[in-house]
Structure formats: C-alpha cells, structure tokens
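J.: Structure supplied as work_4.pdb; contents: PDB, C-alpha atoms and all ligand atoms.
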MODEL        1
ATOM      1  CA  MET A   1      85.806  19.794 -70.270
ATOM      2  CA  GLU A   2      87.976  21.426 -72.973
ATOM      3  CA  ALA A   3      86.232  19.319 -75.626
ATOM      4  CA  MET A   4      82.805  20.379 -74.325
ATOM      5  CA  ILE A   5      83.832  24.032 -74.339
ATOM      6  CA  GLU A   6      84.982  23.671 -77.933
ATOM      7  CA  GLN A   7      81.694  21.947 -78.863
ATOM      8  CA  ALA A   8      79.725  24.778 -77.280
ATOM      9  CA  ALA A   9      81.821  27.433 -79.022
ATOM     10  CA  ASN A  10      81.410  25.581 -82.296
ATOM     11  CA  ALA A  11      77.618  25.479 -82.000
ATOM     12  CA  LEU A  12      77.645  29.234 -81.337
ATOM     13  CA  ARG A  13      79.956  29.880 -84.311
ATOM     14  CA  LYS A  14      77.437  28.227 -86.620
ATOM     15  CA  ALA A  15      74.388  29.858 -85.031
ATOM     16  CA  GLN A  16      72.510  32.734 -86.559
ATOM     17  CA  ARG A  17      70.100  33.278 -83.700
ATOM     18  CA  VAL A  18      70.862  32.738 -80.049
ATOM     19  CA  ALA A  19      68.505  32.646 -77.078
ATOM     20  CA  VAL A  20      69.412  32.393 -73.410
ATOM     21  CA  LEU A  21      67.403  31.412 -70.342
ATOM     22  CA  THR A  22      69.000  32.354 -67.042
ATOM     23  CA  GLY A  23      68.022  31.605 -63.463
ATOM     24  CA  ALA A  24      69.180  32.422 -59.973
ATOM     25  CA  GLY A  25      72.464  30.501 -60.484
ATOM     26  CA  ALA A  26      73.609  33.193 -62.940
ATOM     27  CA  SER A  27      73.591  35.679 -60.057
ATOM     28  CA  ALA A  28      74.871  33.302 -57.371
ATOM     29  CA  GLU A  29      78.510  34.308 -57.838
ATOM     30  CA  SER A  30      77.490  37.942 -57.363
ATOM     31  CA  GLY A  31      76.226  37.020 -53.902
ATOM     32  CA  VAL A  32      72.487  36.851 -54.612
ATOM     33  CA  PRO A  33      71.099  33.758 -52.864
ATOM     34  CA  THR A  34      69.464  31.148 -55.086
ATOM     35  CA  PHE A  35      65.983  30.022 -54.402
ATOM     36  CA  ARG A  36      65.713  26.281 -53.834
ATOM     37  CA  ALA A  37      66.841  25.954 -50.276
ATOM     38  CA  SER A  38      66.896  22.304 -49.216
ATOM     39  CA  ASP A  39      64.544  23.021 -46.284
ATOM     40  CA  GLY A  40      61.834  24.382 -48.608
ATOM     41  CA  LEU A  41      62.211  27.866 -47.145
ATOM     42  CA  TRP A  42      63.340  30.989 -48.972
ATOM     43  CA  GLU A  43      65.677  32.937 -46.752
ATOM     44  CA  GLY A  44      63.825  31.669 -43.707
ATOM     45  CA  HIS A  45      60.293  32.220 -45.076
ATOM     46  CA  HIS A  46      57.674  29.904 -46.462
ATOM     47  CA  ILE A  47      57.190  30.559 -50.167
ATOM     48  CA  GLU A  48      53.400  30.941 -49.727
ATOM     49  CA  ASP A  49      53.969  33.747 -47.225
ATOM     50  CA  VAL A  50      56.293  35.941 -49.275
ATOM     51  CA  ALA A  51      55.843  35.036 -52.929
ATOM     52  CA  THR A  52      52.115  34.565 -53.577
ATOM     53  CA  PRO A  53      49.192  37.004 -53.953
ATOM     54  CA  ASP A  54      47.499  35.379 -50.920
ATOM     55  CA  GLY A  55      50.578  35.949 -48.797
ATOM     56  CA  PHE A  56      50.562  39.616 -49.802
ATOM     57  CA  ARG A  57      46.851  39.964 -48.953
ATOM     58  CA  ARG A  58      47.423  38.370 -45.549
ATOM     59  CA  ASP A  59      50.502  40.335 -44.547
ATOM     60  CA  PRO A  60      51.756  42.972 -46.991
ATOM     61  CA  SER A  61      54.276  44.368 -44.548
ATOM     62  CA  LEU A  62      55.976  40.966 -44.156
ATOM     63  CA  VAL A  63      56.159  40.683 -47.946
ATOM     64  CA  TRP A  64      57.619  44.187 -48.219
ATOM     65  CA  LYS A  65      60.162  43.419 -45.467
ATOM     66  CA  PHE A  66      61.273  40.414 -47.503
ATOM     67  CA  TYR A  67      61.481  42.377 -50.775
ATOM     68  CA  ASN A  68      63.128  45.386 -49.149
ATOM     69  CA  ALA A  69      65.820  43.066 -47.816
ATOM     70  CA  ARG A  70      66.295  41.575 -51.298
ATOM     71  CA  ARG A  71      66.437  45.062 -52.812
ATOM     72  CA  GLU A  72      69.024  46.143 -50.276
ATOM     73  CA  ASN A  73      71.114  43.043 -50.907
ATOM     74  CA  VAL A  74      71.043  43.615 -54.668
ATOM     75  CA  SER A  75      72.109  47.257 -54.168
ATOM     76  CA  ARG A  76      75.361  45.914 -52.692
ATOM     77  CA  VAL A  77      76.293  43.426 -55.430
ATOM     78  CA  GLN A  78      77.874  43.660 -58.860
ATOM     79  CA  PRO A  79      77.446  41.671 -62.067
ATOM     80  CA  ASN A  80      79.804  38.667 -62.216
ATOM     81  CA  PRO A  81      81.766  37.208 -65.156
ATOM     82  CA  ALA A  82      78.737  35.143 -66.271
ATOM     83  CA  HIS A  83      76.651  38.304 -66.762
ATOM     84  CA  ILE A  84      79.562  39.988 -68.526
ATOM     85  CA  ALA A  85      80.163  37.042 -70.872
ATOM     86  CA  LEU A  86      76.474  37.090 -71.892
ATOM     87  CA  ALA A  87      76.636  40.834 -72.574
ATOM     88  CA  LYS A  88      79.687  40.214 -74.797
ATOM     89  CA  LEU A  89      77.870  37.469 -76.653
ATOM     90  CA  GLU A  90      75.036  39.884 -77.395
ATOM     91  CA  VAL A  91      77.528  42.284 -79.006
ATOM     92  CA  ARG A  92      78.492  39.499 -81.406
ATOM     93  CA  PHE A  93      74.921  38.554 -82.370
ATOM     94  CA  GLY A  94      73.234  41.946 -82.082
ATOM     95  CA  GLY A  95      69.499  41.849 -82.743
ATOM     96  CA  ALA A  96      69.616  38.068 -83.236
ATOM     97  CA  PHE A  97      70.263  37.594 -79.505
ATOM     98  CA  THR A  98      67.555  37.381 -76.845
ATOM     99  CA  LEU A  99      68.121  36.851 -73.149
ATOM    100  CA  ALA A 100      65.128  35.716 -71.110
ATOM    101  CA  THR A 101      65.780  35.808 -67.393
ATOM    102  CA  GLN A 102      63.876  34.529 -64.391
ATOM    103  CA  ASN A 103      66.020  36.817 -62.269
ATOM    104  CA  VAL A 104      64.550  39.994 -60.893
ATOM    105  CA  ASP A 105      67.804  41.620 -59.832
ATOM    106  CA  GLY A 106      68.627  43.649 -62.981
ATOM    107  CA  LEU A 107      72.234  42.401 -63.038
ATOM    108  CA  HIS A 108      72.146  41.450 -66.736
ATOM    109  CA  GLN A 109      71.303  45.039 -67.657
ATOM    110  CA  ALA A 110      73.951  46.281 -65.197
ATOM    111  CA  ALA A 111      76.488  44.158 -67.106
ATOM    112  CA  GLY A 112      75.460  45.755 -70.413
ATOM    113  CA  SER A 113      72.896  43.318 -71.796
ATOM    114  CA  ILE A 114      70.278  45.145 -73.832
ATOM    115  CA  ASN A 115      67.681  42.734 -75.156
ATOM    116  CA  VAL A 116      66.599  41.352 -71.772
ATOM    117  CA  LEU A 117      63.173  39.821 -71.214
ATOM    118  CA  GLU A 118      62.383  39.804 -67.501
ATOM    119  CA  VAL A 119      59.800  37.030 -67.465
ATOM    120  CA  HIS A 120      59.332  37.223 -63.665
ATOM    121  CA  GLY A 121      59.403  41.010 -63.313
ATOM    122  CA  SER A 122      61.880  43.176 -61.465
ATOM    123  CA  LEU A 123      62.783  44.053 -57.889
ATOM    124  CA  ARG A 124      63.420  47.574 -59.146
ATOM    125  CA  ARG A 125      59.826  48.290 -60.114
ATOM    126  CA  THR A 126      56.623  48.771 -58.127
ATOM    127  CA  ARG A 127      53.073  48.131 -59.286
ATOM    128  CA  CYS A 128      50.080  49.925 -57.752
ATOM    129  CA  THR A 129      47.294  47.696 -56.404
ATOM    130  CA  GLY A 130      44.860  50.576 -57.127
ATOM    131  CA  CYS A 131      45.620  52.363 -60.387
ATOM    132  CA  ARG A 132      47.984  49.547 -61.616
ATOM    133  CA  CYS A 133      50.692  52.019 -62.646
ATOM    134  CA  ILE A 134      54.171  50.545 -62.857
ATOM    135  CA  GLU A 135      57.120  52.644 -61.755
ATOM    136  CA  ASP A 136      60.860  52.223 -61.851
ATOM    137  CA  ARG A 137      62.066  52.913 -58.319
ATOM    138  CA  GLU A 138      65.531  51.387 -58.767
ATOM    139  CA  LEU A 139      66.742  50.211 -55.362
ATOM    140  CA  GLU A 140      65.758  53.198 -53.213
ATOM    141  CA  PRO A 141      64.354  52.300 -49.762
ATOM    142  CA  LEU A 142      60.554  52.064 -49.933
ATOM    143  CA  GLY A 143      59.375  51.369 -46.385
ATOM    144  CA  GLU A 144      57.064  48.646 -45.132
ATOM    145  CA  LEU A 145      53.735  49.712 -46.644
ATOM    146  CA  PRO A 146      54.684  51.961 -49.557
ATOM    147  CA  GLU A 147      51.889  54.000 -51.139
ATOM    148  CA  CYS A 148      51.305  54.955 -54.748
ATOM    149  CA  PRO A 149      52.458  58.535 -55.364
ATOM    150  CA  ARG A 150      49.523  58.983 -57.784
ATOM    151  CA  CYS A 151      46.505  57.436 -56.056
ATOM    152  CA  GLY A 152      47.664  56.573 -52.537
ATOM    153  CA  ALA A 153      46.844  52.849 -52.790
ATOM    154  CA  LEU A 154      49.249  50.179 -51.567
ATOM    155  CA  LEU A 155      52.135  49.343 -53.880
ATOM    156  CA  ARG A 156      53.411  45.827 -54.499
ATOM    157  CA  PRO A 157      56.651  44.654 -56.084
ATOM    158  CA  ASP A 158      56.346  44.289 -59.886
ATOM    159  CA  ILE A 159      57.269  40.647 -59.527
ATOM    160  CA  VAL A 160      55.485  37.577 -60.858
ATOM    161  CA  TRP A 161      54.539  35.513 -57.816
ATOM    162  CA  PHE A 162      53.569  31.866 -57.705
ATOM    163  CA  HIS A 163      49.991  31.353 -59.013
ATOM    164  CA  GLU A 164      50.305  34.454 -61.238
ATOM    165  CA  SER A 165      50.715  34.534 -64.995
ATOM    166  CA  LEU A 166      53.748  35.911 -66.776
ATOM    167  CA  PRO A 167      53.584  39.323 -68.469
ATOM    168  CA  GLU A 168      51.954  38.437 -71.779
ATOM    169  CA  ARG A 169      53.986  40.354 -74.350
ATOM    170  CA  ILE A 170      57.324  39.542 -72.729
ATOM    171  CA  TRP A 171      56.426  35.874 -72.463
ATOM    172  CA  GLN A 172      55.388  35.773 -76.120
ATOM    173  CA  GLU A 173      58.701  37.313 -77.147
ATOM    174  CA  ALA A 174      60.587  34.784 -75.037
ATOM    175  CA  GLN A 175      58.699  31.868 -76.615
ATOM    176  CA  PHE A 176      59.340  33.276 -80.085
ATOM    177  CA  ALA A 177      63.075  33.602 -79.360
ATOM    178  CA  ALA A 178      63.201  29.988 -78.124
ATOM    179  CA  ALA A 179      61.225  28.757 -81.132
ATOM    180  CA  MET A 180      63.481  30.543 -83.632
ATOM    181  CA  CYS A 181      66.978  30.198 -82.143
ATOM    182  CA  ASP A 182      69.752  27.889 -83.348
ATOM    183  CA  VAL A 183      71.350  27.702 -79.913
ATOM    184  CA  LEU A 184      69.696  28.014 -76.501
ATOM    185  CA  LEU A 185      71.956  28.569 -73.498
ATOM    186  CA  VAL A 186      70.359  27.480 -70.220
ATOM    187  CA  VAL A 187      72.304  29.094 -67.401
ATOM    188  CA  GLY A 188      71.939  28.536 -63.656
ATOM    189  CA  THR A 189      68.347  27.418 -63.506
ATOM    190  CA  SER A 190      66.929  24.364 -61.770
ATOM    191  CA  ALA A 191      64.309  24.381 -64.576
ATOM    192  CA  VAL A 192      61.508  23.476 -62.191
ATOM    193  CA  VAL A 193      59.567  26.759 -62.290
ATOM    194  CA  HIS A 194      56.999  26.695 -65.111
ATOM    195  CA  PRO A 195      56.152  28.049 -67.593
ATOM    196  CA  ALA A 196      59.650  29.652 -67.756
ATOM    197  CA  ALA A 197      61.328  26.244 -68.010
ATOM    198  CA  SER A 198      59.147  25.308 -70.988
ATOM    199  CA  LEU A 199      61.384  27.523 -73.162
ATOM    200  CA  ILE A 200      63.783  24.562 -73.162
ATOM    201  CA  PRO A 201      61.458  22.031 -74.887
ATOM    202  CA  ILE A 202      60.241  24.847 -77.187
ATOM    203  CA  ALA A 203      63.823  25.299 -78.415
ATOM    204  CA  ARG A 204      63.870  21.620 -79.382
ATOM    205  CA  GLN A 205      60.739  21.667 -81.484
ATOM    206  CA  VAL A 206      60.960  21.713 -85.245
ATOM    207  CA  HIS A 207      58.460  23.644 -87.335
ATOM    208  CA  ASP A 208      58.176  25.211 -90.800
ATOM    209  CA  ASP A 209      60.142  28.311 -89.857
ATOM    210  CA  ARG A 210      62.919  26.304 -88.221
ATOM    211  CA  PRO A 211      63.317  22.856 -89.716
ATOM    212  CA  THR A 212      66.293  22.013 -87.476
ATOM    213  CA  ARG A 213      65.887  22.163 -83.722
ATOM    214  CA  ALA A 214      68.157  24.320 -81.589
ATOM    215  CA  THR A 215      71.233  22.991 -79.829
ATOM    216  CA  VAL A 216      70.662  23.286 -76.076
ATOM    217  CA  ILE A 217      73.699  24.014 -73.906
ATOM    218  CA  GLU A 218      73.304  23.825 -70.134
ATOM    219  CA  PHE A 219      75.549  25.648 -67.672
ATOM    220  CA  ASN A 220      74.945  24.595 -64.079
ATOM    221  CA  LEU A 221      76.765  23.330 -61.009
ATOM    222  CA  THR A 222      74.846  20.070 -61.279
ATOM    223  CA  LYS A 223      72.482  18.191 -63.548
ATOM    224  CA  THR A 224      68.898  19.460 -63.432
ATOM    225  CA  ASP A 225      65.430  18.867 -64.849
ATOM    226  CA  ALA A 226      66.795  20.470 -68.047
ATOM    227  CA  SER A 227      69.715  18.071 -68.450
ATOM    228  CA  ASP A 228      67.782  15.472 -70.431
ATOM    229  CA  TYR A 229      67.117  18.140 -73.044
ATOM    230  CA  ALA A 230      70.691  19.398 -73.177
ATOM    231  CA  ASP A 231      72.954  18.457 -76.086
ATOM    232  CA  ILE A 232      75.977  19.827 -74.255
ATOM    233  CA  GLY A 233      76.261  20.057 -70.461
ATOM    234  CA  LEU A 234      78.920  22.262 -68.885
ATOM    235  CA  TYR A 235      78.868  21.515 -65.165
ATOM    236  CA  GLY A 236      80.735  23.953 -62.953
ATOM    237  CA  LYS A 237      80.489  27.646 -62.120
ATOM    238  CA  ALA A 238      78.766  29.690 -64.814
ATOM    239  CA  GLY A 239      81.110  32.594 -63.997
ATOM    240  CA  GLU A 240      84.050  30.449 -65.034
ATOM    241  CA  LEU A 241      82.617  28.378 -67.880
ATOM    242  CA  LEU A 242      80.661  31.018 -69.818
ATOM    243  CA  PRO A 243      83.680  33.342 -70.216
ATOM    244  CA  ARG A 244      85.747  30.380 -71.452
ATOM    245  CA  VAL A 245      83.175  29.572 -74.136
ATOM    246  CA  VAL A 246      82.876  33.205 -75.200
ATOM    247  CA  GLU A 247      86.680  33.625 -75.319
ATOM    248  CA  ARG A 248      86.984  30.440 -77.388
ATOM    249  CA  LEU A 249      84.597  31.903 -79.938
ATOM    250  CA  GLY A 250      87.202  34.509 -80.806
TER     251      GLY A 250
HETATM  252  P1  LIG B 301      66.795  28.050 -58.517
HETATM  253  O1  LIG B 301      67.309  28.695 -57.257
HETATM  254  O2  LIG B 301      65.657  27.132 -58.455
HETATM  255  O3  LIG B 301      67.996  27.278 -59.193
HETATM  256  C1  LIG B 301      69.289  27.809 -59.227
HETATM  257  C2  LIG B 301      70.133  26.894 -60.075
HETATM  258  O4  LIG B 301      71.404  27.506 -60.243
HETATM  259  C3  LIG B 301      70.386  25.515 -59.449
HETATM  260  O5  LIG B 301      70.131  24.546 -60.440
HETATM  261  C4  LIG B 301      71.876  25.557 -59.079
HETATM  262  O6  LIG B 301      72.494  24.307 -59.229
HETATM  263  C5  LIG B 301      72.411  26.546 -60.084
HETATM  264  N1  LIG B 301      73.609  27.275 -59.671
HETATM  265  C6  LIG B 301      73.897  27.786 -58.451
HETATM  266  N2  LIG B 301      75.074  28.426 -58.481
HETATM  267  C7  LIG B 301      75.542  28.334 -59.744
HETATM  268  C8  LIG B 301      76.708  28.795 -60.410
HETATM  269  N3  LIG B 301      77.653  29.516 -59.771
HETATM  270  N4  LIG B 301      76.863  28.509 -61.719
HETATM  271  C9  LIG B 301      75.930  27.780 -62.392
HETATM  272  N5  LIG B 301      74.811  27.323 -61.810
HETATM  273  C10 LIG B 301      74.610  27.589 -60.505
HETATM  274  O7  LIG B 301      66.517  29.252 -59.475
HETATM  275  P2  LIG B 301      65.593  29.411 -60.745
HETATM  276  O8  LIG B 301      65.694  28.218 -61.590
HETATM  277  O9  LIG B 301      65.947  30.738 -61.287
HETATM  278  O10 LIG B 301      64.107  29.482 -60.195
HETATM  279  C11 LIG B 301      63.870  30.222 -59.060
HETATM  280  C12 LIG B 301      62.815  31.302 -59.064
HETATM  281  O11 LIG B 301      63.231  32.216 -58.051
HETATM  282  C13 LIG B 301      62.656  32.137 -60.283
HETATM  283  O12 LIG B 301      61.292  32.299 -60.426
HETATM  284  C14 LIG B 301      63.276  33.502 -59.970
HETATM  285  O13 LIG B 301      62.408  34.531 -60.386
HETATM  286  C15 LIG B 301      63.394  33.553 -58.498
HETATM  287  N6  LIG B 301      64.695  34.052 -57.977
HETATM  288  C16 LIG B 301      65.391  35.081 -58.576
HETATM  289  C17 LIG B 301      66.634  35.495 -58.054
HETATM  290  C18 LIG B 301      67.398  36.639 -58.701
HETATM  291  O14 LIG B 301      66.798  37.537 -59.272
HETATM  292  N7  LIG B 301      68.732  36.629 -58.640
HETATM  293  C19 LIG B 301      67.164  34.864 -56.943
HETATM  294  C20 LIG B 301      66.431  33.822 -56.357
HETATM  295  C21 LIG B 301      65.206  33.419 -56.893
HETATM  296 ZN    ZN B 302      48.113  54.102 -57.853
ENDMDL
END
Could you render the structure as structure tokens?

T.:
Amino acid sequence: MEAMIEQAANALRKAQRVAVLTGAGASAESGVPTFRASDGLWEGHHIEDVATPDGFRRDPSLVWKFYNARRENVSRVQPNPAHIALAKLEVRFGGAFTLATQNVDGLHQAAGSINVLEVHGSLRRTRCTGCRCIEDRELEPLGELPECPRCGALLRPDIVWFHESLPERIWQEAQFAAAMCDVLLVVGTSAVVHPAASLIPIARQVHDDRPTRATVIEFNLTKTDASDYADIGLYGKAGELLPRVVERLG
C-alpha cells in the first residue's frame, strides 16, 4: 500500500492539471448512505418511484418525502477527511483543479472545495415545474408538496433523475476537465451510472491538446467497473487513503 500511495503522490507531483470524479462513497464516512443497495432498493424505495420523472408525476409527495428525509440527514452530517483532503489538493493546484461530483449533498463545498461541478444537481436547490426558476433553499424543511414562491406551481428537487440529461454547461466543463487533465482521481464511485462514469475513459484518450493520456487513480473499498481503466488502485476507505496521498505530496 505504501508503494501505491507513493506512486499516486508522484503522479500528482508531476501533474499540471488535475480532475476528480467523486461518487457516493466519498460521503459514506460522513454517514450519507450510498446508493447501490444489494436488494436493488434505495433506502427502501424502488428507484423508479423516487428518482425518475415518471415517479414524480405519479406521486410527488412520496418523492418529496424521500428527498426531505435525505435533506434532513445531510443537515446532520459533516464533511469527512476525504472531502477535506480534496479541498487541500485544490489549494495546491488552484485553477488547474476541477472536481466533478455525482453527489448532491454539498459536502465538498462545505469542506472548502471551490471549483465543484455538480453533474447530478443538488439536494439544496429546488426547481419550479412551472416557471423553471431554480432556487437555493439550503436544507430548510420544505414540506410534502412545496410550491414556487413566484408562480405557485409545484417545486421539484434540482436533481438529475434517471432518464434525464445532465445540465449541459456543467457536463461540458466536466468533460473538458477530464480531457485536459494529467491525473484523474476517481473516488468512491461504482462507475455504473452513465454518462458521469464516461469521464474515466475520456481521461484516457489522447488528442492534439493532450498527447499523453491522464493517469487514473481509483480510490474505493473494492474494485469497480472503473478498475480496468485505473493505473493505480487504492482499495480501502477514501477518508483514510486520500489524506495519506495528499500528506505525502508535501
Ligand atoms: P454508488 O452508491 O453506486 O457507489 C458507491 C461506491 O463507493 C461503491 O463503489 C463503494 O464501494 C464505494 N465506497 C463506499 N464507501 C466507501 C469509502 N468509505 N471509501 C471509498 N469508497 C467507498 O454511488 P455512485 O457511483 O455515486 O452512483 C450513485 C448515484 O446516486 C449518483 O447518481 C449520485 O447522484 C447518487 N447518490 C448521491 C449521494 C450523495 O450525494 N452523497 C448518495 C447516494 C447516491
Ligand atoms: Zn415558479
């Protein structure tokens, strides 16, 4: 493990541009449940019922109950050492550091990360189904059928559900960061949700603006769909391994 940590630190020492893709595992040690439950349910619900536009049309109050519970849970948790290590890494690389996250909990920002691309939206924002306005509501309680303060229509979470496309500008920035980086850190993601996971093969492509592909470093408890693409695999808790790599950097 020590040798792998040194290899990872070494790749980062040589890197000019760094990109990161995080998933639910980055927040697991904060106490936010990850997503792939072995029984195919998400906290007791079928995914189609709580995380698709059809589910919301069928039963918006069930969907809001689910998201209100997630919001309440996130209001009780703190960033963990994995979030903090990534915020420290950004200080070192400044504007040459981009963190794309599939997480919707806002814990990277709470840890001090600045250049965060929320490719799946945020639990902290609402989007109006009528006038489409997006509002930052942080984690205040919203009730079961919250209404838009401007037009009175039903609000929905500003989250990207299954069968929906990613926010265009944010997704373009994430792809650009993956295409231009020298190192991509893949942290706590099962890498099965697309297109987010496609940032990993993008980081390995060569093109005129980046003749050498990026080094991909995976941090996860176990091997995943991303492991075949990883040059370095650090298997264990991200909250323990990421700080060790960042400390090793000096
Ligand atoms: P996932 O639940 O599919 O995968 C989590 C991964 O994290 C697994 O590979 C697991 O082995 C790994 N992991 C768990 N604990 C870890 C730890 N301590 N250290 C390192 N790795 C650890 O999550 P995903 O890949 O992000 O995809 C799930 C989807 O669900 C995304 O679309 C995301 O938007 C959503 N989601 C978000 C949150 C959140 O905001 N925190 C939580 C659950 C789900
Ligand atoms: Zn409205």

J.: Pick out the residues sitting within 8 Å of A:Ile217, and hand them over as a list in words; count all atoms listed in the file, and ignore anything fewer than 6 positions along from it in its own chain.

T.: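 Everything that qualifies: Ala8, Val183, Leu184, Leu185, Val186, Ala230, Asp231, Ile232, Gly233 and Leu234 of chain A.
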
J.: Dump as a tab-separated table the rows for residues of chain A within 6 Å of ligand LIG 301 (chain B): closest atom pair and distance in Å with one decimal, all atoms listed in the file counted, ordered by chain and rising residue number.

T.:
residue	atom	partner	partner_atom	distance
A:Gly23	CA	B:LIG301	O9	3.1
A:Ala24	CA	B:LIG301	O9	3.9
A:Gly25	CA	B:LIG301	O4	3.2
A:Ala26	CA	B:LIG301	N4	5.8
A:Ser27	CA	B:LIG301	N7	5.1
A:Ala28	CA	B:LIG301	N2	5.0
A:Glu29	CA	B:LIG301	N3	5.2
A:Val32	CA	B:LIG301	N7	5.5
A:Pro33	CA	B:LIG301	C19	5.8
A:Thr34	CA	B:LIG301	O1	3.9
A:Phe35	CA	B:LIG301	O1	3.4
A:Arg36	CA	B:LIG301	O1	4.5
A:Gln102	CA	B:LIG301	O13	4.3
A:Asn103	CA	B:LIG301	O14	3.2
A:Val104	CA	B:LIG301	O14	3.7
A:Asp105	CA	B:LIG301	O14	4.2
A:His120	CA	B:LIG301	O13	5.2
A:Gly188	CA	B:LIG301	O4	3.6
A:Thr189	CA	B:LIG301	O8	3.4
A:Ser190	CA	B:LIG301	O5	3.5
A:Ala191	CA	B:LIG301	O8	5.1
A:Val193	CA	B:LIG301	O10	5.7
A:Phe219	CA	B:LIG301	C9	5.7
A:Asn220	CA	B:LIG301	N5	3.6
A:Leu221	CA	B:LIG301	N5	4.5
A:Thr222	CA	B:LIG301	O6	5.3
A:Lys237	CA	B:LIG301	N4	3.7
A:Ala238	CA	B:LIG301	N4	3.8

J.: May I ask you to write as a ChimeraX atom specification all residues lying at most 12 Å from ligand ZN 302 (chain B), with only C-alpha atoms and all ligand atoms counted?

T.: /A:126-135,146-156

J.: Let's have the selection written as a CSV table (one decimal), in the coordinates of the input, with C-alpha atoms.

T.:
chain,number,residue,atom,x,y,z
A,126,THR,CA,56.6,48.8,-58.1
A,127,ARG,CA,53.1,48.1,-59.3
A,128,CYS,CA,50.1,49.9,-57.8
A,129,THR,CA,47.3,47.7,-56.4
A,130,GLY,CA,44.9,50.6,-57.1
A,131,CYS,CA,45.6,52.4,-60.4
A,132,ARG,CA,48.0,49.5,-61.6
A,133,CYS,CA,50.7,52.0,-62.6
A,134,ILE,CA,54.2,50.5,-62.9
A,135,GLU,CA,57.1,52.6,-61.8
A,146,PRO,CA,54.7,52.0,-49.6
A,147,GLU,CA,51.9,54.0,-51.1
A,148,CYS,CA,51.3,55.0,-54.7
A,149,PRO,CA,52.5,58.5,-55.4
A,150,ARG,CA,49.5,59.0,-57.8
A,151,CYS,CA,46.5,57.4,-56.1
A,152,GLY,CA,47.7,56.6,-52.5
A,153,ALA,CA,46.8,52.8,-52.8
A,154,LEU,CA,49.2,50.2,-51.6
A,155,LEU,CA,52.1,49.3,-53.9
A,156,ARG,CA,53.4,45.8,-54.5

J.: Any idea what's packed within 9 Å of A:Pro157, counting only C-alpha atoms, ignoring anything in its chain fewer than 6 positions away? Could you give it as a list in words?

T.: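 Listing them by chain and then by number gives Trp64, Tyr67, Gly121, Ser122, Leu123, Arg124, Arg125, Thr126, Arg127 and Cys128 of chain A.
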
J.: Enter the distance from atom CA of A:Leu21 to atom CA of A:Tyr235, in Å, rounded to one decimal.

T.: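 Computing the Euclidean distance for atom CA of A:Leu21 and atom CA of A:Tyr235 yields 16.0 Å.
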
J.: Please determine the residues with any atom at most 12 Å from (69.0, 43.6, -70.3) (coordinates as given in the file, with only C-alpha atoms counting) and report them as a VMD selection string.

T.: chain A and resid 20 22 79 83 to 84 86 to 87 90 97 to 119 122

J.: In Å, rounded to a single decimal, give me how far atom CA of A:Ala226 is from atom CA of A:Val187.

T.: 10.3 Å

J.: Quick check, in Å to one decimal: how far apart do atom CA of A:Asn80 and atom CA of A:Leu41 lie?

T.: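 Distance reported for this atom pair: 25.6 Å.
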
J.: Using all atoms listed in the file, give me every residue within 9 Å of (61.7, 32.2, -76.6) in file coordinates, as a PyMOL selection string.

T.: chain A and resi 19-21+98-100+171-181+199-200+202-203

J.: Please define a box with edges along x, y and z of the file around all atoms of stretch 86-93 of chain A given in the file, extend it by 4 Å on each side, and return its centre and edge lengths in Å to one decimal, as lines of an AutoDock Vina configuration file.

T.:
center_x = 77.3
center_y = 39.7
center_z = -77.1
size_x = 12.8
size_y = 13.2
size_z = 18.5

J.: Kindly indicate which residue among A:Glu72, A:Val216, A:Glu247, A:Arg169 lies nearest to A:Asp228, using only C-alpha atoms for the distances.

T.: A:Val216

J.: Which one of A:Gln16, A:Gln78, A:Asn10, A:Thr52 sits closest to A:Ser30 if you count all atoms listed in the file?

T.: A:Gln78

J.: Evaluate the PyMOL selection byres (((chain A and resi 49) around 12) and not hetatm) on the structure here and hand back the selected residues as a ChimeraX atom specification.

T.: /A:41-48,50-67,161-162

J.: Could you check the closest approach to A:Ile170 for each of A:Ile5, A:Ala69, A:Ala214, A:Ala196 and tell me which residue wins, using only C-alpha atoms?

T.: A:Ala196

J.: Between A:Arg137, A:Glu218, A:Gly239, A:Arg213, which one has atoms that come closest to A:Asp158, using only C-alpha atoms?

T.: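 Result for the nearest residue to A:Asp158: A:Arg137.
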
J.: From the options A:Leu145, A:Met1, A:Val246, A:Glu140, which residue's atoms come nearest to A:Asn73, counting all atoms listed in the file?

T.: A:Glu140
